[in-house]
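This report refers to the structure that appears directly beneath it.
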Amino acid sequence: MLNQENVKLGKVRSSIRELFEYGKKRKAEIGEENVFDFSLGNPNVPAPEEVKTALADIIAHTDPIALHGYTSATGAYEVRKVISDYINSRFDAGLDPDCIYMTCGAAASLTITLNALVNTGDEVIVFAPYFPEYKVFSSHAGAKLIAVESLDGTFQIDFGKLEAALSSKTKAVIINSPNNPSGVVYTKAAVEKLCRLLKEYSLKYGNPIYLISDEPYRELVYDGAEVPFIMNYYEESIVCYSYSKSLSLAGERIGYIAVNAKMPDSAEVYAGICGAGRALGFVCAPSLFQRLIQRVYDKTSDISIYKANRDLLCSALTEYGFTVVKPDGAFYLFVKAPKGDGAAFAGRAKKYELLLVDGKDFGCAGYVRISFCVATEMIKKSLSAFKALAESYNL
């Protein structure tokens, strides 16, 4: 018999992908310009010009055998050195190249990391709202996902609920800041308190609780918001990074894992990362894009477009009577569903050709997610539909 869990995953798309496919069908029926698709977090801002220039130069001037050949399983040494040097220059983290493992984006980073850390029966804590695939990744690694509700209205960490969830089975806590789907950035005070608490409970139970920071949106912040670098606050920490959003390279699948060099058993954990990558077949991330990252590691796409989209949507939806959690980063807007039913709200929105993702899969049933990484012109055209939607609720 086949592995039925995997069969089930293959047959049932995530609600986000399901809505995206519905949108493609609807656009074919009534015209793309008449459908307002806010479903998918697919960057619409072009990659920096340096990406195009660097790729052309790499392809033109690199030996074709070396260009498309294998690198080391962990990634090319010179690429890992550039990344570790850059992290050190920004955050004084004390990393070396053997703290870095190149991956096929953040999904591979998280999957490898969880498989390296987790044993069957362990628990992994996340803060709701959270990216739905955390549950898939944790379950595959043998862990039970424990979702802790965040503070209503701000989506900062609710420490009372976190303490109630911590147990002798807790192996790791995942944070995602800026957050998908809320766009919230955890404050420095919250990060410091979180780290103090995890140190306390690690000592209490006699085992380290690892802190995994999922960071595909680190560079996408607005109005001077700062994202605390977790390695400077907690020794047993691992960063899972992706260039999908910062460089608008979502389809190229390139990122890395960084293991904190200050961790007492950092060499052992890094060995576990390497072993998990081997077992899962995640070795030698795409060599062409490793070479690209070596040249453009410090570049970022033009996020001013996302900020303009955020401000436009936040202002309009607030004016129409919706309750909006204004995001400090990423490119998502989390909107409270009138009457508290996210599924019903998303369903009603479809009648106005607005494709919004129900917050249930993110662990927040009373909200919907709006991805504003879309053309500004589309947002402007959609506002009359949002206004009509608000009026249908008598807001």
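Order determines the names: the first chain of the structure tokens is A, the second B, and so forth; residues in each chain are numbered 1 upward, and ligands are numbered 1 upward as they are shown.
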**Report entry** All residues 12 Å or closer to Tyr134 in chain A, only C-alpha atoms, same chain fewer than 5 positions away omitted, as number ranges by chain
**Finding:** A: 106-111, 113-114, 124-129, 139-141, 143-147, 173-176, 180, 212, 214, 361-363
Query raised in the report: Counting only C-alpha atoms, what is within 12 Å of Ala375 in chain A, bar same-chain residues fewer than 5 positions away, as a VMD selection string?
Result: chain A and resid 33 36 to 38 42 to 46 305 to 306 308 to 310 312 380 to 382
Can those selected residues be exported to a file as a PDB file, in the first residue's frame so that it contains C-alpha atoms?
ATOM      1  CA  GLU A  33      -8.790  42.580 -15.737  1.00  0.00           C
ATOM      2  CA  PHE A  36      -8.974  40.858  -8.310  1.00  0.00           C
ATOM      3  CA  ASP A  37      -6.672  38.047  -7.251  1.00  0.00           C
ATOM      4  CA  PHE A  38      -5.074  38.599  -3.829  1.00  0.00           C
ATOM      5  CA  ASN A  42       4.136  35.795  -5.585  1.00  0.00           C
ATOM      6  CA  PRO A  43       6.365  38.911  -5.834  1.00  0.00           C
ATOM      7  CA  ASN A  44       5.240  41.280  -8.582  1.00  0.00           C
ATOM      8  CA  VAL A  45       8.221  43.635  -8.230  1.00  0.00           C
ATOM      9  CA  PRO A  46      11.014  42.761 -10.696  1.00  0.00           C
ATOM     10  CA  ILE A 305       5.996  49.550  -4.441  1.00  0.00           C
ATOM     11  CA  TYR A 306       4.823  47.185  -1.727  1.00  0.00           C
ATOM     12  CA  ALA A 308       2.561  52.111  -1.614  1.00  0.00           C
ATOM     13  CA  ASN A 309       0.211  49.146  -2.067  1.00  0.00           C
ATOM     14  CA  ARG A 310       0.003  48.611   1.689  1.00  0.00           C
ATOM     15  CA  LEU A 312      -3.412  52.402  -0.348  1.00  0.00           C
ATOM     16  CA  LYS A 380      -7.055  50.823  -7.455  1.00  0.00           C
ATOM     17  CA  LYS A 381      -9.560  49.033  -9.675  1.00  0.00           C
ATOM     18  CA  SER A 382     -10.519  46.679  -6.842  1.00  0.00           C
TER      19      SER A 382
END
Any chance you could tabulate, as CSV, the residues of range 150-205 of chain A at most 8 Å from range 232-236 of chain A with each one's nearest atom pair and distance in Å to one decimal, using only C-alpha atoms, in chain and rising number order?
residue,atom,partner,partner_atom,distance
A:Val191,CA,A:Tyr233,CA,7.7
A:Glu192,CA,A:Tyr233,CA,6.6
A:Cys195,CA,A:Tyr234,CA,5.8
Generate the output file for the selected residues, N, CA, C and O atoms, as a short mmCIF file (atom, residue, chain, number, x, y, z; two decimals), in the first residue's frame.
data_model
loop_
_atom_site.label_atom_id
_atom_site.label_comp_id
_atom_site.auth_asym_id
_atom_site.auth_seq_id
_atom_site.Cartn_x
_atom_site.Cartn_y
_atom_site.Cartn_z
N VAL A 191 11.01 39.70 21.61
CA VAL A 191 12.06 38.72 21.30
C VAL A 191 12.90 38.43 22.54
O VAL A 191 13.22 37.28 22.86
N GLU A 192 13.26 39.49 23.26
CA GLU A 192 14.07 39.31 24.48
C GLU A 192 13.32 38.46 25.51
O GLU A 192 13.90 37.56 26.14
N CYS A 195 13.18 34.79 24.43
CA CYS A 195 14.46 34.09 24.62
C CYS A 195 14.72 33.79 26.10
O CYS A 195 15.21 32.72 26.44
#
Requested in this report: Once DSSP has gone over the backbone, tell me which residues of range 105-181 of chain A are in strand (DSSP E or B), as a VMD selection string.
Outcome: chain A and resid 123 to 128 144 to 149 170 to 175
Taking the backbone alone, and naming residues the way the document does, which bits of range 159-372 of chain A are helix (DSSP H, G or I) by DSSP, as a PDB file with N, CA and C atoms, in the first residue's frame?
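In the end it all went to part.pdb:
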ATOM      1  N   PHE A 159       2.461  35.635  25.963  1.00  0.00           N
ATOM      2  CA  PHE A 159       3.388  34.834  26.753  1.00  0.00           C
ATOM      3  C   PHE A 159       2.693  33.930  27.760  1.00  0.00           C
ATOM      4  N   GLY A 160       1.526  34.314  28.221  1.00  0.00           N
ATOM      5  CA  GLY A 160       0.772  33.438  29.105  1.00  0.00           C
ATOM      6  C   GLY A 160       0.401  32.143  28.399  1.00  0.00           C
ATOM      7  N   LYS A 161      -0.068  32.265  27.170  1.00  0.00           N
ATOM      8  CA  LYS A 161      -0.458  31.081  26.405  1.00  0.00           C
ATOM      9  C   LYS A 161       0.771  30.277  25.981  1.00  0.00           C
ATOM     10  N   LEU A 162       1.869  30.964  25.714  1.00  0.00           N
ATOM     11  CA  LEU A 162       3.099  30.251  25.367  1.00  0.00           C
ATOM     12  C   LEU A 162       3.569  29.391  26.540  1.00  0.00           C
ATOM     13  N   GLU A 163       3.587  29.974  27.741  1.00  0.00           N
ATOM     14  CA  GLU A 163       4.028  29.209  28.920  1.00  0.00           C
ATOM     15  C   GLU A 163       3.156  27.976  29.141  1.00  0.00           C
ATOM     16  N   ALA A 164       1.866  28.118  28.886  1.00  0.00           N
ATOM     17  CA  ALA A 164       0.957  26.990  29.064  1.00  0.00           C
ATOM     18  C   ALA A 164       1.237  25.882  28.047  1.00  0.00           C
ATOM     19  N   ALA A 165       1.813  26.259  26.912  1.00  0.00           N
ATOM     20  CA  ALA A 165       2.063  25.275  25.847  1.00  0.00           C
ATOM     21  C   ALA A 165       3.418  24.590  25.977  1.00  0.00           C
ATOM     22  N   LYS A 188      11.530  44.116  19.744  1.00  0.00           N
ATOM     23  CA  LYS A 188      12.747  43.688  20.436  1.00  0.00           C
ATOM     24  C   LYS A 188      12.407  43.194  21.839  1.00  0.00           C
ATOM     25  N   ALA A 189      11.513  43.893  22.511  1.00  0.00           N
ATOM     26  CA  ALA A 189      11.120  43.485  23.865  1.00  0.00           C
ATOM     27  C   ALA A 189      10.487  42.098  23.852  1.00  0.00           C
ATOM     28  N   ALA A 190       9.676  41.815  22.843  1.00  0.00           N
ATOM     29  CA  ALA A 190       9.028  40.502  22.749  1.00  0.00           C
ATOM     30  C   ALA A 190      10.060  39.412  22.489  1.00  0.00           C
ATOM     31  N   VAL A 191      11.011  39.698  21.609  1.00  0.00           N
ATOM     32  CA  VAL A 191      12.058  38.716  21.304  1.00  0.00           C
ATOM     33  C   VAL A 191      12.903  38.433  22.544  1.00  0.00           C
ATOM     34  N   GLU A 192      13.263  39.486  23.263  1.00  0.00           N
ATOM     35  CA  GLU A 192      14.066  39.305  24.478  1.00  0.00           C
ATOM     36  C   GLU A 192      13.315  38.459  25.511  1.00  0.00           C
ATOM     37  N   LYS A 193      12.034  38.737  25.677  1.00  0.00           N
ATOM     38  CA  LYS A 193      11.236  37.987  26.649  1.00  0.00           C
ATOM     39  C   LYS A 193      11.084  36.533  26.214  1.00  0.00           C
ATOM     40  N   LEU A 194      10.873  36.324  24.922  1.00  0.00           N
ATOM     41  CA  LEU A 194      10.773  34.967  24.390  1.00  0.00           C
ATOM     42  C   LEU A 194      12.047  34.177  24.685  1.00  0.00           C
ATOM     43  N   CYS A 195      13.176  34.787  24.425  1.00  0.00           N
ATOM     44  CA  CYS A 195      14.456  34.092  24.623  1.00  0.00           C
ATOM     45  C   CYS A 195      14.718  33.794  26.097  1.00  0.00           C
ATOM     46  N   ARG A 196      14.372  34.728  26.969  1.00  0.00           N
ATOM     47  CA  ARG A 196      14.513  34.470  28.410  1.00  0.00           C
ATOM     48  C   ARG A 196      13.653  33.283  28.831  1.00  0.00           C
ATOM     49  N   LEU A 197      12.454  33.238  28.319  1.00  0.00           N
ATOM     50  CA  LEU A 197      11.521  32.170  28.678  1.00  0.00           C
ATOM     51  C   LEU A 197      12.019  30.821  28.174  1.00  0.00           C
ATOM     52  N   LEU A 198      12.518  30.774  26.952  1.00  0.00           N
ATOM     53  CA  LEU A 198      13.002  29.511  26.401  1.00  0.00           C
ATOM     54  C   LEU A 198      14.254  29.028  27.140  1.00  0.00           C
ATOM     55  N   LYS A 199      15.107  29.969  27.558  1.00  0.00           N
ATOM     56  CA  LYS A 199      16.268  29.577  28.366  1.00  0.00           C
ATOM     57  C   LYS A 199      15.817  28.971  29.699  1.00  0.00           C
ATOM     58  N   GLU A 200      14.822  29.607  30.307  1.00  0.00           N
ATOM     59  CA  GLU A 200      14.303  29.131  31.596  1.00  0.00           C
ATOM     60  C   GLU A 200      13.740  27.720  31.466  1.00  0.00           C
ATOM     61  N   TYR A 201      12.957  27.484  30.420  1.00  0.00           N
ATOM     62  CA  TYR A 201      12.333  26.173  30.274  1.00  0.00           C
ATOM     63  C   TYR A 201      13.311  25.122  29.759  1.00  0.00           C
ATOM     64  N   SER A 202      14.338  25.523  29.035  1.00  0.00           N
ATOM     65  CA  SER A 202      15.392  24.581  28.645  1.00  0.00           C
ATOM     66  C   SER A 202      16.095  24.052  29.885  1.00  0.00           C
ATOM     67  N   LEU A 203      16.382  24.946  30.824  1.00  0.00           N
ATOM     68  CA  LEU A 203      17.009  24.532  32.082  1.00  0.00           C
ATOM     69  C   LEU A 203      16.056  23.670  32.909  1.00  0.00           C
ATOM     70  N   LYS A 204      14.799  24.062  32.926  1.00  0.00           N
ATOM     71  CA  LYS A 204      13.796  23.329  33.720  1.00  0.00           C
ATOM     72  C   LYS A 204      13.684  21.876  33.273  1.00  0.00           C
ATOM     73  N   TYR A 205      13.696  21.657  31.950  1.00  0.00           N
ATOM     74  CA  TYR A 205      13.496  20.308  31.428  1.00  0.00           C
ATOM     75  C   TYR A 205      14.806  19.591  31.109  1.00  0.00           C
ATOM     76  N   ILE A 230      17.969  37.013  15.546  1.00  0.00           N
ATOM     77  CA  ILE A 230      17.715  36.105  16.659  1.00  0.00           C
ATOM     78  C   ILE A 230      18.990  35.524  17.262  1.00  0.00           C
ATOM     79  N   MET A 231      20.040  35.369  16.471  1.00  0.00           N
ATOM     80  CA  MET A 231      21.283  34.786  16.990  1.00  0.00           C
ATOM     81  C   MET A 231      21.944  35.659  18.048  1.00  0.00           C
ATOM     82  N   ASN A 232      21.629  36.944  18.023  1.00  0.00           N
ATOM     83  CA  ASN A 232      22.197  37.857  19.020  1.00  0.00           C
ATOM     84  C   ASN A 232      21.448  37.819  20.348  1.00  0.00           C
ATOM     85  N   ALA A 250      11.274  33.931  -6.471  1.00  0.00           N
ATOM     86  CA  ALA A 250      10.474  32.867  -5.848  1.00  0.00           C
ATOM     87  C   ALA A 250      10.577  31.542  -6.600  1.00  0.00           C
ATOM     88  N   GLY A 251      10.580  31.582  -7.921  1.00  0.00           N
ATOM     89  CA  GLY A 251      10.602  30.346  -8.698  1.00  0.00           C
ATOM     90  C   GLY A 251      11.961  29.694  -8.829  1.00  0.00           C
ATOM     91  N   GLU A 252      12.991  30.366  -8.370  1.00  0.00           N
ATOM     92  CA  GLU A 252      14.344  29.820  -8.532  1.00  0.00           C
ATOM     93  C   GLU A 252      14.774  28.964  -7.347  1.00  0.00           C
ATOM     94  N   SER A 266      26.917  23.357  18.350  1.00  0.00           N
ATOM     95  CA  SER A 266      26.693  23.835  16.988  1.00  0.00           C
ATOM     96  C   SER A 266      27.227  22.871  15.930  1.00  0.00           C
ATOM     97  N   ALA A 267      28.404  22.271  16.164  1.00  0.00           N
ATOM     98  CA  ALA A 267      28.973  21.342  15.184  1.00  0.00           C
ATOM     99  C   ALA A 267      28.091  20.107  15.025  1.00  0.00           C
ATOM    100  N   GLU A 268      27.526  19.651  16.150  1.00  0.00           N
ATOM    101  CA  GLU A 268      26.640  18.488  16.111  1.00  0.00           C
ATOM    102  C   GLU A 268      25.339  18.818  15.377  1.00  0.00           C
ATOM    103  N   VAL A 269      24.800  19.997  15.645  1.00  0.00           N
ATOM    104  CA  VAL A 269      23.568  20.416  14.969  1.00  0.00           C
ATOM    105  C   VAL A 269      23.816  20.600  13.476  1.00  0.00           C
ATOM    106  N   TYR A 270      24.950  21.203  13.119  1.00  0.00           N
ATOM    107  CA  TYR A 270      25.267  21.373  11.696  1.00  0.00           C
ATOM    108  C   TYR A 270      25.416  20.011  11.020  1.00  0.00           C
ATOM    109  N   ALA A 271      26.025  19.054  11.705  1.00  0.00           N
ATOM    110  CA  ALA A 271      26.125  17.700  11.161  1.00  0.00           C
ATOM    111  C   ALA A 271      24.737  17.107  10.944  1.00  0.00           C
ATOM    112  N   GLY A 272      23.821  17.391  11.889  1.00  0.00           N
ATOM    113  CA  GLY A 272      22.443  16.927  11.733  1.00  0.00           C
ATOM    114  C   GLY A 272      21.767  17.564  10.533  1.00  0.00           C
ATOM    115  N   ILE A 273      22.054  18.837  10.306  1.00  0.00           N
ATOM    116  CA  ILE A 273      21.525  19.536   9.126  1.00  0.00           C
ATOM    117  C   ILE A 273      22.042  18.867   7.853  1.00  0.00           C
ATOM    118  N   CYS A 274      23.335  18.608   7.812  1.00  0.00           N
ATOM    119  CA  CYS A 274      23.934  17.965   6.643  1.00  0.00           C
ATOM    120  C   CYS A 274      23.346  16.573   6.427  1.00  0.00           C
ATOM    121  N   GLY A 275      23.153  15.834   7.531  1.00  0.00           N
ATOM    122  CA  GLY A 275      22.594  14.497   7.427  1.00  0.00           C
ATOM    123  C   GLY A 275      21.149  14.503   6.959  1.00  0.00           C
ATOM    124  N   ALA A 276      20.372  15.444   7.473  1.00  0.00           N
ATOM    125  CA  ALA A 276      18.965  15.545   7.060  1.00  0.00           C
ATOM    126  C   ALA A 276      18.877  15.946   5.593  1.00  0.00           C
ATOM    127  N   GLY A 277      19.744  16.883   5.174  1.00  0.00           N
ATOM    128  CA  GLY A 277      19.768  17.269   3.762  1.00  0.00           C
ATOM    129  C   GLY A 277      20.080  16.076   2.874  1.00  0.00           C
ATOM    130  N   ARG A 278      21.029  15.262   3.309  1.00  0.00           N
ATOM    131  CA  ARG A 278      21.379  14.058   2.554  1.00  0.00           C
ATOM    132  C   ARG A 278      20.212  13.084   2.494  1.00  0.00           C
ATOM    133  N   ALA A 279      19.587  12.827   3.643  1.00  0.00           N
ATOM    134  CA  ALA A 279      18.493  11.856   3.702  1.00  0.00           C
ATOM    135  C   ALA A 279      17.290  12.285   2.871  1.00  0.00           C
ATOM    136  N   LEU A 280      17.057  13.588   2.818  1.00  0.00           N
ATOM    137  CA  LEU A 280      15.904  14.119   2.083  1.00  0.00           C
ATOM    138  C   LEU A 280      16.214  14.386   0.613  1.00  0.00           C
ATOM    139  N   SER A 287      23.250  25.291  -8.707  1.00  0.00           N
ATOM    140  CA  SER A 287      24.593  25.874  -8.749  1.00  0.00           C
ATOM    141  C   SER A 287      24.621  27.234  -9.428  1.00  0.00           C
ATOM    142  N   LEU A 288      23.821  27.411 -10.492  1.00  0.00           N
ATOM    143  CA  LEU A 288      23.790  28.705 -11.172  1.00  0.00           C
ATOM    144  C   LEU A 288      23.348  29.803 -10.219  1.00  0.00           C
ATOM    145  N   PHE A 289      22.335  29.508  -9.408  1.00  0.00           N
ATOM    146  CA  PHE A 289      21.815  30.545  -8.517  1.00  0.00           C
ATOM    147  C   PHE A 289      22.640  30.686  -7.247  1.00  0.00           C
ATOM    148  N   GLN A 290      23.408  29.667  -6.893  1.00  0.00           N
ATOM    149  CA  GLN A 290      24.420  29.884  -5.866  1.00  0.00           C
ATOM    150  C   GLN A 290      25.424  30.929  -6.344  1.00  0.00           C
ATOM    151  N   ARG A 291      25.874  30.784  -7.584  1.00  0.00           N
ATOM    152  CA  ARG A 291      26.839  31.737  -8.143  1.00  0.00           C
ATOM    153  C   ARG A 291      26.238  33.143  -8.220  1.00  0.00           C
ATOM    154  N   LEU A 292      24.950  33.212  -8.536  1.00  0.00           N
ATOM    155  CA  LEU A 292      24.280  34.515  -8.571  1.00  0.00           C
ATOM    156  C   LEU A 292      24.292  35.159  -7.186  1.00  0.00           C
ATOM    157  N   ILE A 293      23.892  34.396  -6.166  1.00  0.00           N
ATOM    158  CA  ILE A 293      23.833  34.939  -4.808  1.00  0.00           C
ATOM    159  C   ILE A 293      25.201  35.431  -4.361  1.00  0.00           C
ATOM    160  N   GLN A 294      26.246  34.788  -4.811  1.00  0.00           N
ATOM    161  CA  GLN A 294      27.605  35.211  -4.467  1.00  0.00           C
ATOM    162  C   GLN A 294      27.851  36.666  -4.879  1.00  0.00           C
ATOM    163  N   ARG A 295      27.121  37.127  -5.911  1.00  0.00           N
ATOM    164  CA  ARG A 295      27.324  38.484  -6.430  1.00  0.00           C
ATOM    165  C   ARG A 295      26.278  39.490  -5.937  1.00  0.00           C
ATOM    166  N   VAL A 296      25.071  39.016  -5.628  1.00  0.00           N
ATOM    167  CA  VAL A 296      23.983  39.970  -5.330  1.00  0.00           C
ATOM    168  C   VAL A 296      23.399  39.754  -3.931  1.00  0.00           C
ATOM    169  N   SER A 304       9.484  49.837  -2.215  1.00  0.00           N
ATOM    170  CA  SER A 304       8.632  51.032  -2.122  1.00  0.00           C
ATOM    171  C   SER A 304       7.274  50.779  -2.784  1.00  0.00           C
ATOM    172  N   ILE A 305       7.260  49.888  -3.767  1.00  0.00           N
ATOM    173  CA  ILE A 305       5.996  49.550  -4.441  1.00  0.00           C
ATOM    174  C   ILE A 305       5.076  48.810  -3.482  1.00  0.00           C
ATOM    175  N   TYR A 306       5.635  47.892  -2.716  1.00  0.00           N
ATOM    176  CA  TYR A 306       4.823  47.185  -1.727  1.00  0.00           C
ATOM    177  C   TYR A 306       4.297  48.145  -0.659  1.00  0.00           C
ATOM    178  N   LYS A 307       5.130  49.070  -0.242  1.00  0.00           N
ATOM    179  CA  LYS A 307       4.704  50.046   0.770  1.00  0.00           C
ATOM    180  C   LYS A 307       3.547  50.889   0.244  1.00  0.00           C
ATOM    181  N   ALA A 308       3.641  51.324  -1.016  1.00  0.00           N
ATOM    182  CA  ALA A 308       2.561  52.111  -1.614  1.00  0.00           C
ATOM    183  C   ALA A 308       1.275  51.295  -1.665  1.00  0.00           C
ATOM    184  N   ASN A 309       1.389  50.018  -2.019  1.00  0.00           N
ATOM    185  CA  ASN A 309       0.211  49.146  -2.067  1.00  0.00           C
ATOM    186  C   ASN A 309      -0.400  48.975  -0.678  1.00  0.00           C
ATOM    187  N   ARG A 310       0.473  48.760   0.309  1.00  0.00           N
ATOM    188  CA  ARG A 310       0.003  48.611   1.689  1.00  0.00           C
ATOM    189  C   ARG A 310      -0.773  49.841   2.138  1.00  0.00           C
ATOM    190  N   ASP A 311      -0.171  51.011   1.928  1.00  0.00           N
ATOM    191  CA  ASP A 311      -0.794  52.246   2.399  1.00  0.00           C
ATOM    192  C   ASP A 311      -2.123  52.498   1.710  1.00  0.00           C
ATOM    193  N   LEU A 312      -2.176  52.210   0.417  1.00  0.00           N
ATOM    194  CA  LEU A 312      -3.412  52.402  -0.348  1.00  0.00           C
ATOM    195  C   LEU A 312      -4.523  51.496   0.176  1.00  0.00           C
ATOM    196  N   LEU A 313      -4.205  50.224   0.369  1.00  0.00           N
ATOM    197  CA  LEU A 313      -5.213  49.272   0.826  1.00  0.00           C
ATOM    198  C   LEU A 313      -5.643  49.533   2.260  1.00  0.00           C
ATOM    199  N   CYS A 314      -4.667  49.764   3.132  1.00  0.00           N
ATOM    200  CA  CYS A 314      -4.990  50.008   4.542  1.00  0.00           C
ATOM    201  C   CYS A 314      -5.899  51.208   4.697  1.00  0.00           C
ATOM    202  N   SER A 315      -5.562  52.272   4.007  1.00  0.00           N
ATOM    203  CA  SER A 315      -6.348  53.505   4.102  1.00  0.00           C
ATOM    204  C   SER A 315      -7.774  53.289   3.605  1.00  0.00           C
ATOM    205  N   ALA A 316      -7.907  52.649   2.438  1.00  0.00           N
ATOM    206  CA  ALA A 316      -9.230  52.461   1.851  1.00  0.00           C
ATOM    207  C   ALA A 316     -10.080  51.503   2.679  1.00  0.00           C
ATOM    208  N   LEU A 317      -9.523  50.377   3.073  1.00  0.00           N
ATOM    209  CA  LEU A 317     -10.322  49.392   3.805  1.00  0.00           C
ATOM    210  C   LEU A 317     -10.737  49.908   5.175  1.00  0.00           C
ATOM    211  N   THR A 318      -9.853  50.664   5.818  1.00  0.00           N
ATOM    212  CA  THR A 318     -10.219  51.281   7.092  1.00  0.00           C
ATOM    213  C   THR A 318     -11.355  52.277   6.899  1.00  0.00           C
ATOM    214  N   GLU A 319     -11.252  53.057   5.841  1.00  0.00           N
ATOM    215  CA  GLU A 319     -12.310  54.034   5.536  1.00  0.00           C
ATOM    216  C   GLU A 319     -13.653  53.345   5.295  1.00  0.00           C
ATOM    217  N   TYR A 320     -13.615  52.152   4.679  1.00  0.00           N
ATOM    218  CA  TYR A 320     -14.849  51.435   4.373  1.00  0.00           C
ATOM    219  C   TYR A 320     -15.436  50.735   5.602  1.00  0.00           C
ATOM    220  N   PRO A 338     -16.004  40.576   9.079  1.00  0.00           N
ATOM    221  CA  PRO A 338     -17.251  41.021   9.695  1.00  0.00           C
ATOM    222  C   PRO A 338     -18.075  39.800  10.129  1.00  0.00           C
ATOM    223  N   LYS A 339     -18.648  39.860  11.289  1.00  0.00           N
ATOM    224  CA  LYS A 339     -19.426  38.762  11.877  1.00  0.00           C
ATOM    225  C   LYS A 339     -18.546  37.578  12.292  1.00  0.00           C
ATOM    226  N   GLY A 340     -17.213  37.727  12.187  1.00  0.00           N
ATOM    227  CA  GLY A 340     -16.298  36.734  12.739  1.00  0.00           C
ATOM    228  C   GLY A 340     -16.116  35.452  11.961  1.00  0.00           C
ATOM    229  N   GLY A 342     -14.421  33.969   8.761  1.00  0.00           N
ATOM    230  CA  GLY A 342     -13.516  34.208   7.643  1.00  0.00           C
ATOM    231  C   GLY A 342     -13.924  33.488   6.377  1.00  0.00           C
ATOM    232  N   ALA A 343     -14.405  32.251   6.503  1.00  0.00           N
ATOM    233  CA  ALA A 343     -14.816  31.470   5.331  1.00  0.00           C
ATOM    234  C   ALA A 343     -15.994  32.133   4.628  1.00  0.00           C
ATOM    235  N   ALA A 344     -16.974  32.584   5.430  1.00  0.00           N
ATOM    236  CA  ALA A 344     -18.142  33.246   4.844  1.00  0.00           C
ATOM    237  C   ALA A 344     -17.741  34.568   4.188  1.00  0.00           C
ATOM    238  N   PHE A 345     -16.813  35.279   4.816  1.00  0.00           N
ATOM    239  CA  PHE A 345     -16.332  36.555   4.277  1.00  0.00           C
ATOM    240  C   PHE A 345     -15.628  36.334   2.940  1.00  0.00           C
ATOM    241  N   ALA A 346     -14.721  35.341   2.887  1.00  0.00           N
ATOM    242  CA  ALA A 346     -14.009  35.050   1.645  1.00  0.00           C
ATOM    243  C   ALA A 346     -14.977  34.576   0.568  1.00  0.00           C
ATOM    244  N   GLY A 347     -15.983  33.800   0.981  1.00  0.00           N
ATOM    245  CA  GLY A 347     -16.980  33.341   0.026  1.00  0.00           C
ATOM    246  C   GLY A 347     -17.796  34.479  -0.541  1.00  0.00           C
ATOM    247  N   ARG A 348     -18.216  35.418   0.317  1.00  0.00           N
ATOM    248  CA  ARG A 348     -18.979  36.568  -0.156  1.00  0.00           C
ATOM    249  C   ARG A 348     -18.119  37.454  -1.057  1.00  0.00           C
ATOM    250  N   ALA A 349     -16.831  37.572  -0.728  1.00  0.00           N
ATOM    251  CA  ALA A 349     -15.924  38.407  -1.531  1.00  0.00           C
ATOM    252  C   ALA A 349     -15.852  37.910  -2.974  1.00  0.00           C
ATOM    253  N   LYS A 350     -15.961  36.596  -3.165  1.00  0.00           N
ATOM    254  CA  LYS A 350     -15.915  36.031  -4.519  1.00  0.00           C
ATOM    255  C   LYS A 350     -17.013  36.599  -5.416  1.00  0.00           C
ATOM    256  N   GLY A 359      -8.616  32.830   6.757  1.00  0.00           N
ATOM    257  CA  GLY A 359      -7.566  32.740   7.767  1.00  0.00           C
ATOM    258  C   GLY A 359      -7.550  31.433   8.536  1.00  0.00           C
ATOM    259  N   LYS A 360      -8.505  30.549   8.307  1.00  0.00           N
ATOM    260  CA  LYS A 360      -8.598  29.312   9.084  1.00  0.00           C
ATOM    261  C   LYS A 360      -7.320  28.488   8.981  1.00  0.00           C
ATOM    262  N   ASP A 361      -6.784  28.347   7.768  1.00  0.00           N
ATOM    263  CA  ASP A 361      -5.580  27.530   7.600  1.00  0.00           C
ATOM    264  C   ASP A 361      -4.352  28.158   8.265  1.00  0.00           C
ATOM    265  N   PHE A 362      -4.429  29.453   8.553  1.00  0.00           N
ATOM    266  CA  PHE A 362      -3.338  30.135   9.259  1.00  0.00           C
ATOM    267  C   PHE A 362      -3.534  30.079  10.773  1.00  0.00           C
TER     268      PHE A 362
END
Query - Counting only C-alpha atoms, the residue of A:Ser168, A:Thr376, A:Ser39, A:Asn260 that sits nearest Asp92 in chain A - result: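 When distances to Asp92 in chain A are compared using only C-alpha atoms, the smallest one comes from A:Asn260.
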Report task. Give the answer as one residue: which of A:Ser237, A:Asn3, A:Asn394, A:Ser15 has the shortest atom-to-atom distance to Val368 in chain A, using only C-alpha atoms? Result ->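 Checking each candidate against Val368 in chain A, we get A:Ser15 as the closest.
Using only C-alpha atoms for every distance, the candidate list A:Ser84, A:Thr103, A:Thr170, A:Thr74 yields A:Thr103 as the residue closest to Ile254 in chain A.
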Requested in this report: Measure the distance from CA of Val239 in chain A to CA of Ile257 in chain A in Å and round it to one decimal.
Outcome: 5.7 Å
Query raised in the report: Can you list, as a VMD selection string, every protein, DNA or RNA residue that comes within 10 Å of Gly153 in chain A when you count only C-alpha atoms, leaving out same-chain residues fewer than 6 positions away?
Result: chain A and resid 323 to 326 336
Query raised in the report: Contacts of Lys81 in chain A at 8 Å or less, counting only C-alpha atoms, minus same-chain residues fewer than 4 places along, as a list of chain:residue names?
Result: A:Tyr77, A:Asp85, A:Asp96, A:Pro97
